[in-house]
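Note: the block below is target-v6.pdb and it holds PDB, C-alpha atoms.
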ATOM      1  CA  MET O   1     -41.396  43.615  29.647
ATOM      2  CA  SER O   2     -40.118  41.673  26.659
ATOM      3  CA  ARG O   3     -41.597  38.344  25.740
ATOM      4  CA  PRO O   4     -39.803  35.424  27.338
ATOM      5  CA  VAL O   5     -37.811  33.084  25.123
ATOM      6  CA  SER O   6     -36.535  29.645  25.988
ATOM      7  CA  ALA O   7     -33.597  27.710  24.623
ATOM      8  CA  LYS O   8     -32.135  24.324  25.320
ATOM      9  CA  PHE O   9     -28.977  22.294  25.414
ATOM     10  CA  VAL O  10     -28.740  18.539  25.471
ATOM     11  CA  ILE O  11     -26.366  16.510  27.593
ATOM     12  CA  SER O  12     -25.613  13.006  26.524
ATOM     13  CA  GLY O  13     -23.230  10.165  27.127
ATOM     14  CA  GLY O  14     -23.172   6.508  28.066
ATOM     15  CA  PHE O  15     -25.004   5.005  31.000
ATOM     16  CA  GLY O  16     -23.495   6.232  34.253
ATOM     17  CA  ALA O  17     -21.310   8.857  32.575
ATOM     18  CA  GLY O  18     -22.585  11.475  35.012
ATOM     19  CA  LYS O  19     -25.345  13.227  33.070
ATOM     20  CA  THR O  20     -27.639  13.710  36.030
ATOM     21  CA  THR O  21     -24.742  14.874  38.203
ATOM     22  CA  TYR O  22     -23.855  17.367  35.504
ATOM     23  CA  VAL O  23     -27.416  18.664  35.257
ATOM     24  CA  THR O  24     -27.544  18.960  39.053
ATOM     25  CA  SER O  25     -24.362  21.028  39.096
ATOM     26  CA  VAL O  26     -25.493  23.521  36.483
ATOM     27  CA  SER O  27     -29.190  23.806  37.301
ATOM     28  CA  GLU O  28     -30.611  26.528  39.530
ATOM     29  CA  ILE O  29     -33.358  24.151  40.608
ATOM     30  CA  LYS O  30     -33.258  20.590  41.838
ATOM     31  CA  PRO O  31     -33.278  18.567  38.609
ATOM     32  CA  LEU O  32     -36.705  17.560  37.447
ATOM     33  CA  ARG O  33     -37.704  14.296  35.937
ATOM     34  CA  THR O  34     -40.373  13.657  33.379
ATOM     35  CA  GLU O  35     -41.495  10.564  31.605
ATOM     36  CA  GLY O  36     -41.689  10.216  27.866
ATOM     37  CA  GLU O  37     -43.733   7.412  26.424
ATOM     38  CA  MET O  38     -42.680   4.700  24.106
ATOM     39  CA  THR O  39     -45.260   5.576  21.467
ATOM     40  CA  SER O  40     -45.845   3.989  18.088
ATOM     41  CA  LYS O  41     -42.941   6.010  16.676
ATOM     42  CA  GLY O  42     -40.571   3.983  18.788
ATOM     43  CA  ILE O  43     -42.008   0.609  17.903
ATOM     44  CA  GLY O  44     -39.845  -2.279  16.864
ATOM     45  CA  VAL O  45     -38.095  -3.406  19.990
ATOM     46  CA  ASP O  46     -40.442  -4.988  22.469
ATOM     47  CA  ASP O  47     -43.117  -7.505  21.632
ATOM     48  CA  GLY O  48     -45.509  -5.487  23.727
ATOM     49  CA  THR O  49     -45.194  -2.513  21.401
ATOM     50  CA  LYS O  50     -46.573  -4.435  18.469
ATOM     51  CA  VAL O  51     -50.069  -3.706  19.663
ATOM     52  CA  PRO O  52     -51.114  -0.559  17.816
ATOM     53  CA  GLY O  53     -51.686   2.519  19.915
ATOM     54  CA  LYS O  54     -50.510   0.965  23.142
ATOM     55  CA  THR O  55     -47.986   2.712  25.297
ATOM     56  CA  THR O  56     -46.111   0.092  27.212
ATOM     57  CA  THR O  57     -42.755   1.617  28.011
ATOM     58  CA  THR O  58     -41.803   4.910  29.527
ATOM     59  CA  VAL O  59     -38.392   6.455  29.715
ATOM     60  CA  ALA O  60     -37.354   9.001  32.297
ATOM     61  CA  MET O  61     -35.270  12.047  31.524
ATOM     62  CA  ASP O  62     -33.726  14.493  33.913
ATOM     63  CA  PHE O  63     -33.394  18.151  33.191
ATOM     64  CA  GLY O  64     -32.460  21.401  34.822
ATOM     65  CA  ARG O  65     -32.978  25.102  34.304
ATOM     66  CA  LEU O  66     -30.795  28.174  34.157
ATOM     67  CA  THR O  67     -32.362  31.630  34.077
ATOM     68  CA  ILE O  68     -30.116  33.849  31.963
ATOM     69  CA  ASP O  69     -31.918  37.149  32.307
ATOM     70  CA  GLU O  70     -35.461  38.427  32.768
ATOM     71  CA  SER O  71     -36.551  37.201  29.355
ATOM     72  CA  LEU O  72     -34.342  34.209  28.595
ATOM     73  CA  VAL O  73     -34.428  30.815  30.248
ATOM     74  CA  VAL O  74     -32.270  27.856  29.265
ATOM     75  CA  TYR O  75     -33.133  24.227  29.855
ATOM     76  CA  LEU O  76     -30.597  21.445  29.933
ATOM     77  CA  PHE O  77     -31.940  18.017  29.045
ATOM     78  CA  GLY O  78     -30.199  14.757  29.738
ATOM     79  CA  THR O  79     -30.846  12.187  27.025
ATOM     80  CA  PRO O  80     -32.050   8.802  28.126
ATOM     81  CA  GLY O  81     -29.081   6.487  27.928
ATOM     82  CA  GLN O  82     -30.441   3.622  25.901
ATOM     83  CA  ASP O  83     -29.925   3.568  22.160
ATOM     84  CA  ARG O  84     -33.374   2.201  21.590
ATOM     85  CA  PHE O  85     -34.933   5.442  22.747
ATOM     86  CA  GLY O  86     -33.566   7.309  19.774
ATOM     87  CA  PHE O  87     -36.936   8.790  18.928
ATOM     88  CA  MET O  88     -36.870  10.502  22.289
ATOM     89  CA  TRP O  89     -33.494  11.972  21.363
ATOM     90  CA  ASP O  90     -35.080  13.535  18.274
ATOM     91  CA  ASP O  91     -37.684  15.122  20.456
ATOM     92  CA  LEU O  92     -35.080  16.525  22.831
ATOM     93  CA  SER O  93     -32.558  17.580  20.214
ATOM     94  CA  GLU O  94     -34.835  19.309  17.753
ATOM     95  CA  GLY O  95     -33.955  22.996  18.000
ATOM     96  CA  ALA O  96     -31.189  22.525  20.580
ATOM     97  CA  LEU O  97     -28.471  25.176  20.492
ATOM     98  CA  GLY O  98     -25.810  22.585  21.167
ATOM     99  CA  ALA O  99     -24.922  19.416  23.003
ATOM    100  CA  ILE O 100     -22.443  18.087  25.506
ATOM    101  CA  VAL O 101     -21.182  14.541  25.200
ATOM    102  CA  LEU O 102     -20.061  13.435  28.603
ATOM    103  CA  VAL O 103     -17.391  10.770  28.408
ATOM    104  CA  ASP O 104     -16.593   8.214  31.075
ATOM    105  CA  THR O 105     -12.919   7.564  30.346
ATOM    106  CA  ARG O 106     -13.218   4.065  31.799
ATOM    107  CA  ARG O 107     -15.792   3.229  29.145
ATOM    108  CA  LEU O 108     -14.828   5.280  26.142
ATOM    109  CA  ASP O 109     -16.806   3.384  23.540
ATOM    110  CA  GLU O 110     -20.106   4.095  25.269
ATOM    111  CA  CYS O 111     -20.165   7.622  23.943
ATOM    112  CA  TYR O 112     -20.220   6.536  20.288
ATOM    113  CA  PRO O 113     -24.012   6.553  19.902
ATOM    114  CA  ALA O 114     -24.125  10.161  21.127
ATOM    115  CA  LEU O 115     -21.247  11.231  18.874
ATOM    116  CA  ASP O 116     -22.805   9.618  15.831
ATOM    117  CA  TYR O 117     -26.153  11.088  16.631
ATOM    118  CA  PHE O 118     -25.093  14.719  17.023
ATOM    119  CA  GLU O 119     -22.811  14.518  14.009
ATOM    120  CA  ALA O 120     -25.609  13.143  11.868
ATOM    121  CA  LYS O 121     -28.010  15.831  13.074
ATOM    122  CA  GLY O 122     -25.491  18.628  12.589
ATOM    123  CA  ILE O 123     -25.842  19.745  16.200
ATOM    124  CA  PRO O 124     -22.651  21.401  17.457
ATOM    125  CA  PHE O 125     -21.217  19.599  20.464
ATOM    126  CA  VAL O 126     -18.283  19.514  22.827
ATOM    127  CA  MET O 127     -16.877  16.469  24.544
ATOM    128  CA  ALA O 128     -16.318  16.622  28.263
ATOM    129  CA  LEU O 129     -14.210  13.925  29.889
ATOM    130  CA  ASN O 130     -15.733  13.378  33.276
ATOM    131  CA  GLN O 131     -13.149  12.760  35.947
ATOM    132  CA  PHE O 132     -14.245  10.035  38.277
ATOM    133  CA  GLN O 133     -12.416   9.464  41.499
ATOM    134  CA  GLY O 134      -9.810   6.797  41.022
ATOM    135  CA  ALA O 135      -9.957   7.014  37.244
ATOM    136  CA  ASP O 136      -6.807   7.826  35.354
ATOM    137  CA  GLU O 137      -6.562  11.322  34.096
ATOM    138  CA  HIS O 138      -6.538  10.496  30.441
ATOM    139  CA  ASP O 139      -4.634  12.718  28.158
ATOM    140  CA  ILE O 140      -7.037  14.522  25.902
ATOM    141  CA  GLU O 141      -5.115  13.782  22.754
ATOM    142  CA  GLU O 142      -5.036  10.095  23.664
ATOM    143  CA  VAL O 143      -8.810  10.002  23.967
ATOM    144  CA  ARG O 144      -9.179  12.018  20.789
ATOM    145  CA  TYR O 145      -7.024   9.497  18.988
ATOM    146  CA  ALA O 146      -8.733   6.478  20.538
ATOM    147  CA  LEU O 147     -12.172   7.726  19.558
ATOM    148  CA  ASN O 148     -11.007   9.223  16.260
ATOM    149  CA  ILE O 149     -12.496  12.643  16.967
ATOM    150  CA  ASP O 150     -11.953  15.482  14.525
ATOM    151  CA  SER O 151      -9.756  18.253  15.911
ATOM    152  CA  ALA O 152     -12.570  20.713  15.256
ATOM    153  CA  VAL O 153     -14.581  19.174  18.083
ATOM    154  CA  PRO O 154     -13.623  20.766  21.401
ATOM    155  CA  MET O 155     -12.637  18.268  24.078
ATOM    156  CA  ILE O 156     -12.030  19.220  27.688
ATOM    157  CA  HIS O 157     -11.792  17.717  31.128
ATOM    158  CA  CYS O 158     -14.575  18.313  33.581
ATOM    159  CA  ASP O 159     -15.773  17.292  36.985
ATOM    160  CA  ALA O 160     -19.538  16.910  36.737
ATOM    161  CA  ARG O 161     -19.856  17.427  40.493
ATOM    162  CA  LYS O 162     -18.409  20.924  40.389
ATOM    163  CA  THR O 163     -20.423  23.918  39.269
ATOM    164  CA  ASP O 164     -17.390  25.887  38.062
ATOM    165  CA  SER O 165     -16.275  22.970  35.987
ATOM    166  CA  VAL O 166     -19.615  22.328  34.298
ATOM    167  CA  ARG O 167     -20.116  26.028  33.651
ATOM    168  CA  ASN O 168     -16.726  26.040  32.000
ATOM    169  CA  VAL O 169     -17.917  23.285  29.683
ATOM    170  CA  MET O 170     -21.011  25.343  28.852
ATOM    171  CA  VAL O 171     -18.806  28.334  28.058
ATOM    172  CA  ARG O 172     -16.725  26.238  25.676
ATOM    173  CA  LEU O 173     -19.877  24.954  24.079
ATOM    174  CA  CYS O 174     -21.275  28.465  23.573
ATOM    175  CA  HIS O 175     -18.039  29.582  21.887
ATOM    176  CA  HIS O 176     -18.142  26.515  19.690
ATOM    177  CA  VAL O 177     -21.789  27.141  18.763
ATOM    178  CA  LEU O 178     -21.012  30.760  17.897
ATOM    179  CA  SER O 179     -18.184  29.798  15.580
ATOM    180  CA  ARG O 180     -20.391  27.229  13.916
ATOM    181  CA  ILE O 181     -23.098  29.831  13.369
ATOM    182  CA  SER O 182     -20.668  32.268  11.775
ATOM    183  CA  GLU O 183     -19.139  29.515   9.635
ATOM    184  CA  GLN O 184     -22.550  28.552   8.366
ATOM    185  CA  ALA O 185     -23.483  32.164   7.717
ATOM    186  CA  ALA O 186     -20.267  32.584   5.732
ATOM    187  CA  GLU O 187     -20.931  29.386   3.785
ATOM    188  CA  SER O 188     -24.393  30.403   2.750
ATOM    189  CA  LYS O 189     -23.049  33.820   1.781
ATOM    190  CA  ASP O 190     -20.522  32.130  -0.489
ATOM    191  CA  SER O 191     -22.946  29.717  -2.049
ATOM    192  CA  SER O 192     -25.860  32.055  -2.589
ATOM    193  CA  GLY O 193     -25.652  35.818  -2.835
ATOM    194  CA  SER O 194     -29.368  36.479  -2.563
ATOM    195  CA  ASP O 195     -29.973  34.291   0.483
ATOM    196  CA  ALA O 196     -27.056  35.716   2.400
ATOM    197  CA  GLU O 197     -28.937  38.861   3.368
ATOM    198  CA  GLU O 198     -31.463  36.900   5.338
ATOM    199  CA  VAL O 199     -28.888  34.729   7.081
ATOM    200  CA  ASP O 200     -26.524  37.425   8.263
ATOM    201  CA  SER O 201     -28.651  38.864  11.031
ATOM    202  CA  ASP O 202     -25.802  40.854  12.589
ATOM    203  CA  ASP O 203     -25.617  43.259   9.696
ATOM    204  CA  ALA O 204     -29.300  43.311   8.974
ATOM    205  CA  VAL O 205     -31.274  46.500   9.238
ATOM    206  CA  PRO O 206     -34.049  46.099  11.825
ATOM    207  CA  GLN O 207     -37.124  44.859  10.051
ATOM    208  CA  PRO O 208     -40.441  46.630  10.495
ATOM    209  CA  ALA O 209     -42.846  44.549  12.561
ATOM    210  CA  GLY O 210     -45.543  42.517  10.853
TER
ATOM    211  CA  MET E 211     -54.083   1.873  32.248
ATOM    212  CA  GLU E 212     -56.218   0.407  29.497
ATOM    213  CA  PRO E 213     -57.737   2.713  26.913
ATOM    214  CA  ASP E 214     -60.618   0.311  26.294
ATOM    215  CA  THR E 215     -63.412   2.774  26.373
ATOM    216  CA  ASP E 216     -66.897   3.542  25.244
ATOM    217  CA  ASP E 217     -69.008   6.639  25.669
ATOM    218  CA  ALA E 218     -70.174   5.705  29.114
ATOM    219  CA  SER E 219     -66.694   5.291  30.534
ATOM    220  CA  ALA E 220     -65.064   8.079  28.553
ATOM    221  CA  ALA E 221     -65.222  10.425  31.486
ATOM    222  CA  GLU E 222     -63.100   8.026  33.463
ATOM    223  CA  ASN E 223     -60.435   7.910  30.798
ATOM    224  CA  ARG E 224     -59.438  11.495  30.391
ATOM    225  CA  LEU E 225     -55.784  10.620  30.219
ATOM    226  CA  ILE E 226     -56.510   8.827  26.974
ATOM    227  CA  ARG E 227     -59.248  10.962  25.524
ATOM    228  CA  PRO E 228     -57.166  14.029  24.579
ATOM    229  CA  TYR E 229     -55.259  12.012  22.020
ATOM    230  CA  MET E 230     -58.507  11.561  20.173
ATOM    231  CA  VAL E 231     -60.009  15.007  20.584
ATOM    232  CA  THR E 232     -56.885  16.848  19.468
ATOM    233  CA  ARG E 233     -56.672  15.075  16.154
ATOM    234  CA  GLY E 234     -56.522  17.600  13.345
ATOM    235  CA  ARG E 235     -55.914  20.607  15.540
ATOM    236  CA  THR E 236     -52.719  22.086  16.965
ATOM    237  CA  ALA E 237     -50.108  19.433  16.365
ATOM    238  CA  ALA E 238     -48.824  18.617  19.817
ATOM    239  CA  SER E 239     -45.591  17.366  18.324
ATOM    240  CA  HIS E 240     -44.790  20.906  17.260
ATOM    241  CA  LEU E 241     -44.619  22.013  20.853
ATOM    242  CA  SER E 242     -40.996  21.710  21.929
ATOM    243  CA  VAL E 243     -40.204  20.352  25.363
ATOM    244  CA  GLU E 244     -38.577  23.677  26.286
ATOM    245  CA  MET E 245     -41.405  25.849  24.958
ATOM    246  CA  LEU E 246     -42.785  28.241  27.558
ATOM    247  CA  VAL E 247     -46.511  28.419  28.090
ATOM    248  CA  VAL E 248     -48.595  30.674  30.317
ATOM    249  CA  ALA E 249     -52.244  31.013  31.316
ATOM    250  CA  LYS E 250     -54.138  33.525  29.186
ATOM    251  CA  ARG E 251     -57.035  34.022  31.522
ATOM    252  CA  GLN E 252     -57.791  34.281  35.204
ATOM    253  CA  ASP E 253     -59.793  31.190  36.005
ATOM    254  CA  ALA E 254     -59.893  27.618  34.843
ATOM    255  CA  GLY E 255     -63.620  27.804  34.035
ATOM    256  CA  ASP E 256     -65.074  24.362  33.486
ATOM    257  CA  LEU E 257     -61.802  22.641  32.681
ATOM    258  CA  ALA E 258     -61.639  19.155  34.086
ATOM    259  CA  ASP E 259     -58.987  17.160  35.862
ATOM    260  CA  GLU E 260     -55.615  17.141  34.101
ATOM    261  CA  ALA E 261     -56.443  20.125  31.918
ATOM    262  CA  ARG E 262     -57.302  22.123  35.023
ATOM    263  CA  ARG E 263     -54.126  21.007  36.774
ATOM    264  CA  ILE E 264     -52.077  22.137  33.800
ATOM    265  CA  PHE E 265     -53.849  25.475  33.588
ATOM    266  CA  ASN E 266     -53.434  26.089  37.306
ATOM    267  CA  ALA E 267     -49.734  25.255  37.149
ATOM    268  CA  CYS E 268     -48.806  28.002  34.723
ATOM    269  CA  PRO E 269     -49.752  31.414  36.090
ATOM    270  CA  LYS E 270     -46.201  32.329  35.054
ATOM    271  CA  PRO E 271     -44.383  31.153  31.916
ATOM    272  CA  VAL E 272     -43.056  27.636  32.345
ATOM    273  CA  ALA E 273     -41.575  25.104  29.907
ATOM    274  CA  ILE E 274     -43.785  22.201  28.884
ATOM    275  CA  ALA E 275     -41.291  19.646  30.262
ATOM    276  CA  GLU E 276     -41.120  21.475  33.590
ATOM    277  CA  LEU E 277     -44.888  21.660  33.716
ATOM    278  CA  ALA E 278     -45.121  17.908  33.144
ATOM    279  CA  ALA E 279     -42.612  17.213  35.900
ATOM    280  CA  ARG E 280     -44.260  19.547  38.401
ATOM    281  CA  ILE E 281     -47.723  18.089  38.045
ATOM    282  CA  ASP E 282     -46.355  14.586  37.562
ATOM    283  CA  LEU E 283     -47.937  13.841  34.193
ATOM    284  CA  PRO E 284     -46.093  12.063  31.378
ATOM    285  CA  LEU E 285     -44.619  14.446  28.850
ATOM    286  CA  GLY E 286     -46.649  13.200  25.887
ATOM    287  CA  ILE E 287     -49.959  13.589  27.652
ATOM    288  CA  THR E 288     -49.009  17.009  28.956
ATOM    289  CA  ARG E 289     -48.089  18.096  25.468
ATOM    290  CA  VAL E 290     -51.369  16.975  23.975
ATOM    291  CA  LEU E 291     -53.357  18.696  26.725
ATOM    292  CA  VAL E 292     -51.313  21.870  26.362
ATOM    293  CA  ALA E 293     -51.992  21.867  22.621
ATOM    294  CA  ASP E 294     -55.672  21.526  23.395
ATOM    295  CA  LEU E 295     -55.570  24.372  25.921
ATOM    296  CA  VAL E 296     -53.769  26.576  23.404
ATOM    297  CA  ASP E 297     -56.479  25.891  20.834
ATOM    298  CA  SER E 298     -59.197  26.663  23.314
ATOM    299  CA  ASN E 299     -57.486  29.929  24.277
ATOM    300  CA  TYR E 300     -56.636  29.004  27.857
ATOM    301  CA  LEU E 301     -52.878  29.030  27.332
ATOM    302  CA  LYS E 302     -50.500  30.839  25.070
ATOM    303  CA  THR E 303     -47.057  29.769  23.926
ATOM    304  CA  PHE E 304     -43.840  31.729  23.527
ATOM    305  CA  ASP E 305     -41.118  31.415  20.941
ATOM    306  CA  THR E 306     -38.193  29.095  21.408
ATOM    307  CA  ALA E 307     -34.741  30.218  20.339
ATOM    308  CA  ALA E 308     -33.690  29.222  16.844
ATOM    309  CA  SER E 309     -30.624  27.014  16.968
ATOM    310  CA  ASP E 310     -28.668  29.529  14.860
ATOM    311  CA  ASP E 311     -29.550  32.582  16.942
ATOM    312  CA  ALA E 312     -26.119  33.988  17.774
ATOM    313  CA  ASP E 313     -27.569  36.761  19.925
ATOM    314  CA  ILE E 314     -29.210  34.236  22.256
ATOM    315  CA  VAL E 315     -25.973  32.247  22.539
ATOM    316  CA  ARG E 316     -24.055  35.435  23.388
ATOM    317  CA  ARG E 317     -26.527  36.273  26.142
ATOM    318  CA  ILE E 318     -26.044  32.799  27.609
ATOM    319  CA  LEU E 319     -22.291  33.096  27.342
ATOM    320  CA  HIS E 320     -22.364  36.461  29.047
ATOM    321  CA  ALA E 321     -24.401  35.051  31.941
ATOM    322  CA  LEU E 322     -22.132  32.014  32.303
ATOM    323  CA  GLU E 323     -18.982  34.099  32.371
ATOM    324  CA  LYS E 324     -20.224  36.440  35.078
TER
END
Translate this file's structure into structure tokens.
Amino acid sequence: MSRPVSAKFVISGGFGAGKTTYVTSVSEIKPLRTEGEMTSKGIGVDDGTKVPGKTTTTVAMDFGRLTIDESLVVYLFGTPGQDRFGFMWDDLSEGALGAIVLVDTRRLDECYPALDYFEAKGIPFVMALNQFQGADEHDIEEVRYALNIDSAVPMIHCDARKTDSVRNVMVRLCHHVLSRISEQAAESKDSSGSDAEEVDSDDAVPQPAG
Amino acid sequence: MEPDTDDASAAENRLIRPYMVTRGRTAASHLSVEMLVVAKRQDAGDLADEARRIFNACPKPVAIAELAARIDLPLGITRVLVADLVDSNYLKTFDTAASDDADIVRRILHALEK
């Protein structure tokens, strides 16, 4: 049996955008919740955190799991909503394959922190406009214009309550991640001939172990 | 919970203690939340309290975040204890996918499109 590998995606968006609903719809298990601590790395907000070494605040995050095959398991982590927990976002996003920014079309501007964050970190992401009951079905191009989103960023409608719909978002994200990977491989091939051999794993001859 | 402790009360503060004893060893921060860990041996030996709970909760590979949630320990503490258990040969870790691993993404895509 081959050694198991794990991978992760991150789902983000403003408060109440439907992150936990989304995780619930895609996860094979009831979403789990764990608490991250407000450690010294996150200091600077509360007076209580000025005391060195004290952990005064915890932040909960919900996540789900999707078993892909016998040796690959994918976790989907919802980022805590508050901007001030940015350090926790670093922890969750480090090594993520990609991210989903869930947009509540009634509160468009709330997704800005997530957009800025993933752009700055170079993490490929798609934007999913969550359709709430009673909310207008915003035209995608309208939202794209309102938020000033580059046309290279995929943007689609979704219903976070529906498994088919959230899986569709994941599919779009995977395609987007794959094109980003090949773009980057091509770029490094252009910029450096000697490094390109290591980057382009598809054409690589299997390496001897060790 | 106050970490005010001396030698006599150290045993009562095991949730705090690992932060001190792991200093200079496996950097807990290098263990990703999605990293799978599994028990390397049959029995928990003389492990105490939280360390024993962690060990007992991973007879099969499980991600560190899932482990933390299942035994209801904060993520940071779980991570430090896992790092300790890896150093002391109770647990082993598995690789996490590199973010530019196209093969992994294709496998996920394939599973999603089924």
Please, which residues in chain O fall within 7 Å of chain E when counting all atoms listed in the file, and what is the closest atom pair and distance in Å to one decimal for each, ordered by chain then residue number, as a tab-separated table?
residue	atom	partner	partner_atom	distance
O:Pro4	CA	E:Phe304	CA	6.7
O:Val5	CA	E:Thr306	CA	5.5
O:Ser6	CA	E:Thr306	CA	4.9
O:Ala7	CA	E:Ala307	CA	5.1
O:Lys8	CA	E:Glu244	CA	6.5
O:Leu32	CA	E:Ala279	CA	6.1
O:Arg33	CA	E:Ala279	CA	5.7
O:Thr34	CA	E:Ala279	CA	4.9
O:Glu35	CA	E:Pro284	CA	4.8
O:Gly36	CA	E:Leu285	CA	5.2
O:Glu37	CA	E:Gly286	CA	6.5
O:Ile68	CA	E:Ala321	CA	5.8
O:Tyr75	CA	E:Glu244	CA	6.5
O:Leu92	CA	E:Val243	CA	6.9
O:Gly95	CA	E:Ser309	CA	5.3
O:Ala96	CA	E:Ser309	CA	5.8
O:Leu97	CA	E:Ser309	CA	4.5
O:Arg167	CA	E:Leu322	CA	6.5
O:Val171	CA	E:Leu319	CA	5.9
O:Cys174	CA	E:Leu319	CA	6.1
O:Leu178	CA	E:Ala312	CA	6.0
O:Ile181	CA	E:Asp310	CA	5.8
task: Might you spell out which residues the PyMOL selection byres ((chain O and resi 106-119) around 10) would select in the displayed file, as a count of residues only?
output: 43
query: In Å, with one decimal, what is the gap from atom CA of E:Asn299 to atom CA of O:Leu72?
result: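 Atom-to-atom, atom CA of E:Asn299 to atom CA of O:Leu72, that is 23.9 Å.
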field: Pairwise distance for atom CA of O:Arg161 and atom CA of O:Ala128, rounded to one decimal in Å
entry: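 Result for atom CA of O:Arg161 versus atom CA of O:Ala128: 12.8 Å, one decimal.
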Minimum-distance residue to O:Asp139, chosen among O:Lys189, O:Ser151, O:Ala60, O:Ile156 (using all atoms listed in the file):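 Comparing O:Lys189, O:Ser151, O:Ala60, O:Ile156 against O:Asp139, the winner is O:Ile156.
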query: Could you state the separation of atom CA of E:Phe265 and atom CA of E:Val292 in Å, given to one decimal place?
result: 8.5 Å
Could you pull stretch 252-290 of chain E out of the structure just shown and give C-alpha atoms as a CSV table (one decimal), in the first residue's frame?
chain,number,residue,atom,x,y,z
E,252,GLN,CA,1.4,-0.9,19.6
E,253,ASP,CA,1.0,0.5,23.1
E,254,ALA,CA,1.2,3.9,24.7
E,255,GLY,CA,3.8,2.8,27.2
E,256,ASP,CA,4.1,5.3,30.0
E,257,LEU,CA,2.7,8.3,28.1
E,258,ALA,CA,0.6,10.5,30.3
E,259,ASP,CA,-2.7,12.3,29.8
E,260,GLU,CA,-2.9,14.3,26.6
E,261,ALA,CA,0.0,12.6,25.0
E,262,ARG,CA,-1.6,9.3,25.6
E,263,ARG,CA,-4.9,10.5,24.3
E,264,ILE,CA,-3.2,11.7,21.1
E,265,PHE,CA,-1.4,8.4,20.7
E,266,ASN,CA,-4.5,6.4,21.2
E,267,ALA,CA,-6.4,8.5,18.7
E,268,CYS,CA,-4.2,7.7,15.7
E,269,PRO,CA,-4.1,3.9,15.1
E,270,LYS,CA,-4.8,5.0,11.5
E,271,PRO,CA,-3.4,8.0,9.7
E,272,VAL,CA,-5.3,11.1,10.7
E,273,ALA,CA,-4.6,14.9,10.0
E,274,ILE,CA,-3.3,16.9,13.0
E,275,ALA,CA,-6.4,19.2,12.8
E,276,GLU,CA,-8.8,16.3,12.8
E,277,LEU,CA,-6.9,14.7,15.7
E,278,ALA,CA,-7.2,17.9,17.7
E,279,ALA,CA,-11.0,18.1,17.0
E,280,ARG,CA,-11.6,14.5,17.8
E,281,ILE,CA,-9.9,14.6,21.2
E,282,ASP,CA,-11.1,18.2,21.8
E,283,LEU,CA,-7.7,19.7,22.4
E,284,PRO,CA,-6.7,23.1,21.0
E,285,LEU,CA,-4.8,22.9,17.7
E,286,GLY,CA,-1.6,24.5,19.0
E,287,ILE,CA,-1.3,22.2,22.0
E,288,THR,CA,-2.0,19.2,19.9
E,289,ARG,CA,0.7,20.2,17.4
E,290,VAL,CA,3.3,20.6,20.1
